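A.B. asks: The structure follows.
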Amino acid sequence: MTPEIKNRMDQIRRGKVPKGYEKTKAGILPADWNVHMLGDCLSRVERPVEVKSNELYTQIGIRSHGKGLFYKEPVTGADLGSKSVFWIEPDCFILNIVFAWEQAIGKTTQSEVGMIGSHRFPMYRPVNDRVVIDYLISYFLTQRGNDILEAASPGGAGRNKTLGQDRFLKSKIVLPPIDEQKKIAEILTTQDKIIELKQKLIAEKQQQKKYLMQQLLTGKKHLPGFNRGWKTKLLKQLSEKQKKKNPGFQYSLVLSNSAQHGIVSQDQEFDKEIANEERIDGYYIVVPGAFVYNPRISVTAPCGPINVNETGKIGVMSPLYTIFTIFSSEINQDYLKYYFQSSCWHKYVKGVANYGARHDRISISDEDFFAMPIPLPPNEEQAAIAKVLSTADRELDLLRQDIEQEKQKKKALMQLLLTGIVRVNV
């Protein structure tokens with residue numbers, strides 16, 4: 001950041017007006033930025049669909065937090081029934097009036113031509129050469145922009161908090177000259193592409209790790225110097241279930257095991273404590289290094305996740321979880337951790353489990369669970385496999401940190417460019 005920009009930021013922070021700026025109701029802004037009503041910048045676009053019962057239609061959806069559009073599975077006109085729907089027009093600003101307060105906004109493109117949208121998804125096209133859609137979307141992702149969406153969406157939380165379109169179009173927005181908007185949008189779009197490329201790289205690395213696990217943990221592929229000595233042991237020959245309870249509330253840290261986050265404190269997973277003091281004395285104690293099986297299934301964990309307590313703390317967990325620790329010197333802790341991260345054990349569990357009345361949970365007896373076969377290479381090979389997969393994990397962690405830095409960089413750019421603190425050359 002140049003001394004000039006730092007000085008300008010300091011002046012604005014202290015309420016002083018730098019040269020070329022002026023004090024407005026919206027704050028200290030560049031003198032050539034103007035206040036407009038959104039209704040003077042945007043015009044509603046709508047083309048109703050004459051639904052035919054035997055034709056297929058693809059509907060769009062709009063993700064919250066500015067994460068764009070997605071496409072639903074095609075349905076017939078008969079399935080749509082009397083639902084009011086509209087053809088998607090390209091190059092429009094679109095929002096979900098039910099979740100606009102949650103920044104459910106986006107931009108339509110040629111890719112969506114021929115698709116349809118709900119009457120809850122109004123589309124607007126720029127008029128009078130006053131606003132650029134990409135700039136507008138970035139603006140609505142700032143606090144100031146979100147305040148406009150919130151103010152136009154009165155009511156309680158959820159579906160009662162619906163955006164009023166008249167109120168929305170009467171909202172006032174401060175806009176730079178059109179060429180500056182285009183340049184700002186270009187800069188922010190470039191930053192988005194950098195983030196997107198890094199996210200694709202993470203996805204590729206995750207697939208590579210998944211392939212490695214499938215090959216190395218089943219003996220289909222061996223690391224150099226290893227090619228024999230594999231055997232199979234049952235889980236009960238390597239580990240034992242832990243059933244020590246928590247009388248007298250000896251431990252108060254309630255842990256949770258999820259497919260997405262692994263083992264974390266319950267308030268971190270759910271933003272609040274679900275358990276209460278009356279119940280946790282009957283919870284099982286979970287020591288660092290203990291394995292925990294959660295029978296709740298999900299898209300990413302079709303048989304439920306098995307993770308290790310790597311919090312470094314002793315906690316407690318509901319009896320719904322199966323907790324076990326290794327006692328055998330034949331098994332490497334990290335090797336077993338990666339084995340359970342893979343899908344190698346899923347076939348066995350699916351073969352012995354009972355899904356019962358609850359389709360979101362696997363029902364498996366302790367006897368069947370601990371009879372799970374575990375492929376066991378020599379200790380040296382187990383350690384080598386764990387080291388390779390640990391290296392892959394470190395690479396993924398570094399990439400995630402890199403992406404987070406790029407996201408923070410984008411936030412900083414938005415803060416500087418969308419407030420006029422930094423001007424761009426056009």
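By order in the structure tokens, chains are A, B, ...; within a chain, residues start at 1; ligands start at 1, following the order shown.
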If you count only C-alpha atoms, which residues fall within 6 Å of range 228-233 of chain A, apart from same-chain ones fewer than 5 positions away, as an NGL selection string?
C.D. replies: :A and (373-377)
A.B. asks: List every residue of range 283-425 of chain A that DSSP, applied to the backbone, labels as helix (DSSP H, G or I), and write the result as a short mmCIF file (atom, residue, chain, number, x, y, z; two decimals) with C-alpha atoms, in the first residue's frame.
C.D. replies:
data_model
loop_
_atom_site.label_atom_id
_atom_site.label_comp_id
_atom_site.auth_asym_id
_atom_site.auth_seq_id
_atom_site.Cartn_x
_atom_site.Cartn_y
_atom_site.Cartn_z
CA GLN A 333 -2.20 -45.33 14.72
CA ASP A 334 -1.85 -43.09 11.65
CA TYR A 335 -2.18 -46.03 9.26
CA LEU A 336 -5.51 -46.97 10.86
CA LYS A 337 -6.61 -43.32 10.80
CA TYR A 338 -6.07 -43.14 7.03
CA TYR A 339 -7.68 -46.55 6.53
CA PHE A 340 -10.87 -45.17 8.07
CA GLN A 341 -10.60 -41.99 5.97
CA HIS A 346 -17.52 -49.43 3.54
CA LYS A 347 -18.34 -52.68 1.73
CA TYR A 348 -18.01 -54.68 4.95
CA VAL A 349 -20.21 -52.29 6.96
CA LYS A 350 -22.90 -52.20 4.27
CA GLY A 351 -22.91 -55.99 4.28
CA VAL A 352 -23.59 -56.38 8.02
CA ASP A 366 -20.59 -53.98 18.48
CA GLU A 367 -19.95 -57.60 17.59
CA ASP A 368 -20.22 -56.91 13.87
CA PHE A 369 -18.34 -53.61 14.08
CA ASN A 379 4.78 -52.08 10.57
CA GLU A 380 7.46 -50.45 8.42
CA GLU A 381 5.14 -50.34 5.41
CA GLN A 382 2.27 -49.03 7.56
CA ALA A 383 4.50 -46.16 8.73
CA ALA A 384 5.65 -45.45 5.16
CA ILE A 385 2.05 -45.38 3.87
CA ALA A 386 1.01 -43.05 6.69
CA LYS A 387 3.94 -40.75 5.89
CA VAL A 388 2.97 -40.48 2.20
CA LEU A 389 -0.65 -39.69 3.06
CA SER A 390 0.41 -37.25 5.79
CA THR A 391 2.51 -35.40 3.19
CA ALA A 392 -0.57 -35.21 0.95
CA ASP A 393 -2.53 -33.75 3.87
CA ARG A 394 0.11 -31.09 4.47
CA GLU A 395 -0.03 -30.08 0.80
CA LEU A 396 -3.81 -29.73 1.06
CA ASP A 397 -3.51 -27.67 4.24
CA LEU A 398 -1.05 -25.31 2.55
CA LEU A 399 -3.40 -24.90 -0.40
CA ARG A 400 -6.31 -24.15 1.93
CA GLN A 401 -4.22 -21.52 3.69
CA ASP A 402 -3.30 -20.07 0.29
CA ILE A 403 -6.98 -19.86 -0.70
CA GLU A 404 -7.85 -18.18 2.59
CA GLN A 405 -5.13 -15.59 1.94
CA GLU A 406 -6.55 -14.94 -1.54
CA LYS A 407 -10.04 -14.53 -0.06
CA GLN A 408 -8.71 -12.05 2.47
CA LYS A 409 -6.96 -10.23 -0.37
CA LYS A 410 -10.29 -9.97 -2.21
CA LYS A 411 -11.97 -8.60 0.92
CA ALA A 412 -9.25 -5.96 1.20
CA LEU A 413 -9.66 -5.06 -2.48
CA MET A 414 -13.42 -4.71 -2.04
CA GLN A 415 -12.94 -2.53 1.02
CA LEU A 416 -10.59 -0.20 -0.85
CA LEU A 417 -12.18 -0.15 -4.31
#
A.B. asks: Just want the 9 Å neighbourhood of Arg63 in chain A, counted on only C-alpha atoms, with same-chain residues fewer than 6 positions away dropped. Output as a ChimeraX atom specification.
C.D. replies: /A:69-70,96,99,103-106
A.B. asks: Just the residues within 7 Å of Tyr135 in chain A, please, counting only C-alpha atoms, with nothing from its chain fewer than 2 positions along; format it as a count of residues only.
C.D. replies: 8
A.B. asks: Enter the distance from CA of Ile280 in chain A to CA of Asp267 in chain A, in Å, rounded to one decimal.
C.D. replies: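 Computing the Euclidean distance for CA of Ile280 in chain A and CA of Asp267 in chain A yields 14.3 Å.
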A.B. asks: Identify, with DSSP run on backbone atoms, the residues in range 192-386 of chain A assigned to strand (DSSP E), and express the list as a VMD selection string.
C.D. replies: chain A and resid 231 to 234 239 to 241 255 to 258 262 to 265 284 to 286 291 to 293 306 to 308 315 to 317 322 to 326 373 to 376
A.B. asks: Just to be explicit: take each residue in the selection above, keep N, CA and C atoms, and write the result as a compact mmCIF listing (two decimals), in the first residue's frame.
C.D. replies:
# COMPACT_ATOMS: atom_id res chain seq x y z
N LYS A 231 -1.22 -59.30 5.98
CA LYS A 231 -2.16 -60.24 6.58
C LYS A 231 -3.42 -59.47 6.95
N THR A 232 -4.42 -60.17 7.42
CA THR A 232 -5.67 -59.53 7.82
C THR A 232 -5.97 -59.85 9.27
N LYS A 233 -6.31 -58.81 10.02
CA LYS A 233 -6.71 -58.98 11.42
C LYS A 233 -8.08 -58.34 11.61
N LEU A 234 -8.83 -58.85 12.58
CA LEU A 234 -10.11 -58.23 12.91
C LEU A 234 -9.86 -57.02 13.81
N SER A 239 -7.90 -53.46 18.69
CA SER A 239 -8.42 -52.35 19.49
C SER A 239 -9.52 -52.84 20.42
N GLU A 240 -9.92 -51.97 21.34
CA GLU A 240 -11.01 -52.32 22.25
C GLU A 240 -11.92 -51.13 22.47
N LYS A 241 -13.20 -51.44 22.71
CA LYS A 241 -14.18 -50.39 22.93
C LYS A 241 -13.96 -49.73 24.29
N LEU A 255 -17.61 -33.36 22.97
CA LEU A 255 -17.06 -33.45 21.61
C LEU A 255 -18.11 -33.96 20.64
N SER A 256 -17.90 -33.65 19.37
CA SER A 256 -18.77 -34.13 18.30
C SER A 256 -17.90 -34.66 17.18
N ASN A 257 -18.41 -35.63 16.44
CA ASN A 257 -17.67 -36.23 15.33
C ASN A 257 -18.47 -36.07 14.04
N SER A 258 -17.98 -35.22 13.14
CA SER A 258 -18.70 -35.01 11.88
C SER A 258 -17.81 -35.36 10.70
N GLY A 262 -14.38 -33.53 11.38
CA GLY A 262 -13.70 -34.46 12.27
C GLY A 262 -14.21 -34.29 13.69
N ILE A 263 -13.34 -34.56 14.67
CA ILE A 263 -13.73 -34.44 16.08
C ILE A 263 -13.41 -33.03 16.57
N VAL A 264 -14.44 -32.33 16.96
CA VAL A 264 -14.31 -30.95 17.45
C VAL A 264 -15.24 -30.79 18.64
N SER A 265 -15.10 -29.68 19.37
CA SER A 265 -16.02 -29.42 20.47
C SER A 265 -17.42 -29.21 19.91
N TYR A 284 -19.52 -41.07 27.45
CA TYR A 284 -18.26 -41.80 27.51
C TYR A 284 -17.08 -40.83 27.43
N ILE A 285 -16.01 -41.17 28.14
CA ILE A 285 -14.79 -40.36 28.11
C ILE A 285 -14.01 -40.68 26.84
N VAL A 286 -13.53 -39.64 26.18
CA VAL A 286 -12.76 -39.79 24.93
C VAL A 286 -11.37 -39.18 25.15
N PHE A 291 -10.29 -43.42 18.73
CA PHE A 291 -11.08 -43.43 17.50
C PHE A 291 -12.56 -43.35 17.88
N VAL A 292 -13.32 -42.65 17.05
CA VAL A 292 -14.76 -42.50 17.31
C VAL A 292 -15.54 -42.75 16.03
N TYR A 293 -16.52 -43.66 16.13
CA TYR A 293 -17.40 -43.95 14.99
C TYR A 293 -18.75 -43.29 15.22
N ILE A 306 -15.43 -42.24 10.77
CA ILE A 306 -14.59 -42.69 11.88
C ILE A 306 -13.39 -41.75 11.93
N ASN A 307 -13.28 -41.00 13.00
CA ASN A 307 -12.19 -40.03 13.14
C ASN A 307 -11.45 -40.23 14.46
N VAL A 308 -10.32 -39.55 14.58
CA VAL A 308 -9.47 -39.65 15.77
C VAL A 308 -9.56 -38.35 16.56
N GLY A 315 -12.26 -35.35 26.39
CA GLY A 315 -13.63 -34.87 26.33
C GLY A 315 -14.60 -36.00 26.58
N VAL A 316 -15.87 -35.72 26.37
CA VAL A 316 -16.90 -36.75 26.53
C VAL A 316 -17.80 -36.74 25.30
N MET A 317 -18.39 -37.92 25.03
CA MET A 317 -19.27 -38.04 23.87
C MET A 317 -20.46 -38.90 24.22
N THR A 322 -19.47 -44.93 18.92
CA THR A 322 -18.62 -46.05 19.32
C THR A 322 -17.19 -45.54 19.45
N ILE A 323 -16.64 -45.68 20.65
CA ILE A 323 -15.30 -45.16 20.95
C ILE A 323 -14.36 -46.33 21.19
N PHE A 324 -13.20 -46.30 20.55
CA PHE A 324 -12.26 -47.41 20.73
C PHE A 324 -10.82 -46.91 20.64
N THR A 325 -9.92 -47.64 21.27
CA THR A 325 -8.49 -47.31 21.25
C THR A 325 -7.69 -48.54 20.87
N ILE A 326 -6.53 -48.30 20.29
CA ILE A 326 -5.63 -49.38 19.88
C ILE A 326 -4.89 -49.94 21.09
N PRO A 373 -12.71 -56.67 9.17
CA PRO A 373 -11.35 -57.07 8.78
C PRO A 373 -10.50 -55.85 8.42
N ILE A 374 -9.27 -55.83 8.92
CA ILE A 374 -8.33 -54.73 8.64
C ILE A 374 -7.10 -55.30 7.93
N PRO A 375 -6.84 -54.89 6.67
CA PRO A 375 -5.63 -55.35 5.98
C PRO A 375 -4.40 -54.78 6.68
N LEU A 376 -3.42 -55.64 6.94
CA LEU A 376 -2.31 -55.25 7.79
C LEU A 376 -0.96 -55.55 7.13
A.B. asks: Looking at only C-alpha atoms, which of A:Lys83, A:Lys72, A:Lys23, A:Arg14 is the one that sits closest to Val51 in chain A?
C.D. replies: A:Lys83
A.B. asks: Using only C-alpha atoms, pick whichever of A:Ile60, A:Met123, A:Met37, A:Leu188 has the shortest atom-to-atom distance to Leu418 in chain A.
C.D. replies: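 Answer, going by the shortest atom-to-atom distance: A:Leu188.
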A.B. asks: I'd like the contact shell of Ile5 in chain A - 10 Å cut-off, only C-alpha atoms, skipping same-chain residues fewer than 4 positions apart - returned as a ChimeraX atom specification.
C.D. replies: /A:1,9-11,416,421-423
A.B. asks: Please save N, CA and C atoms of the selected residues as a short mmCIF file (atom, residue, chain, number, x, y, z; two decimals), in the first residue's frame.
C.D. replies:
data_model
loop_
_atom_site.label_atom_id
_atom_site.label_comp_id
_atom_site.auth_asym_id
_atom_site.auth_seq_id
_atom_site.Cartn_x
_atom_site.Cartn_y
_atom_site.Cartn_z
N MET A 1 0.84 -1.19 0.00
CA MET A 1 0.00 0.00 0.00
C MET A 1 0.88 1.25 0.00
N MET A 9 -6.50 6.98 3.78
CA MET A 9 -7.27 6.16 4.72
C MET A 9 -7.28 6.79 6.11
N ASP A 10 -6.13 7.29 6.51
CA ASP A 10 -6.01 7.91 7.84
C ASP A 10 -6.89 9.16 7.93
N GLN A 11 -6.88 9.96 6.88
CA GLN A 11 -7.71 11.17 6.86
C GLN A 11 -9.19 10.82 6.98
N LEU A 416 -11.27 -1.38 -0.31
CA LEU A 416 -10.59 -0.20 -0.85
C LEU A 416 -11.26 0.34 -2.11
N ILE A 421 -11.63 4.56 -1.64
CA ILE A 421 -10.36 4.90 -0.99
C ILE A 421 -9.22 4.76 -1.99
N VAL A 422 -9.30 3.70 -2.81
CA VAL A 422 -8.34 3.52 -3.90
C VAL A 422 -9.08 3.73 -5.21
N ARG A 423 -8.56 4.59 -6.06
CA ARG A 423 -9.14 4.84 -7.38
C ARG A 423 -8.37 4.05 -8.43
#
A.B. asks: Quick one: of A:Leu141, A:Leu175, A:Ile187, A:Ile362, who's nearest to Ser64 in chain A, counting only C-alpha atoms?
C.D. replies: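 Comparing A:Leu141, A:Leu175, A:Ile187, A:Ile362 against Ser64 in chain A, the winner is A:Leu141.
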A.B. asks: Which residues are close to Pro122 in chain A, i.e. within 7 Å by only C-alpha atoms, leaving aside same-chain residues fewer than 2 positions away? Reply as a ChimeraX atom specification.
C.D. replies: /A:94-95,119-120,124
A.B. asks: In Å, rounded to a single decimal, give me how far CA of Asn332 in chain A is from CA of Arg296 in chain A.
C.D. replies: 26.2 Å
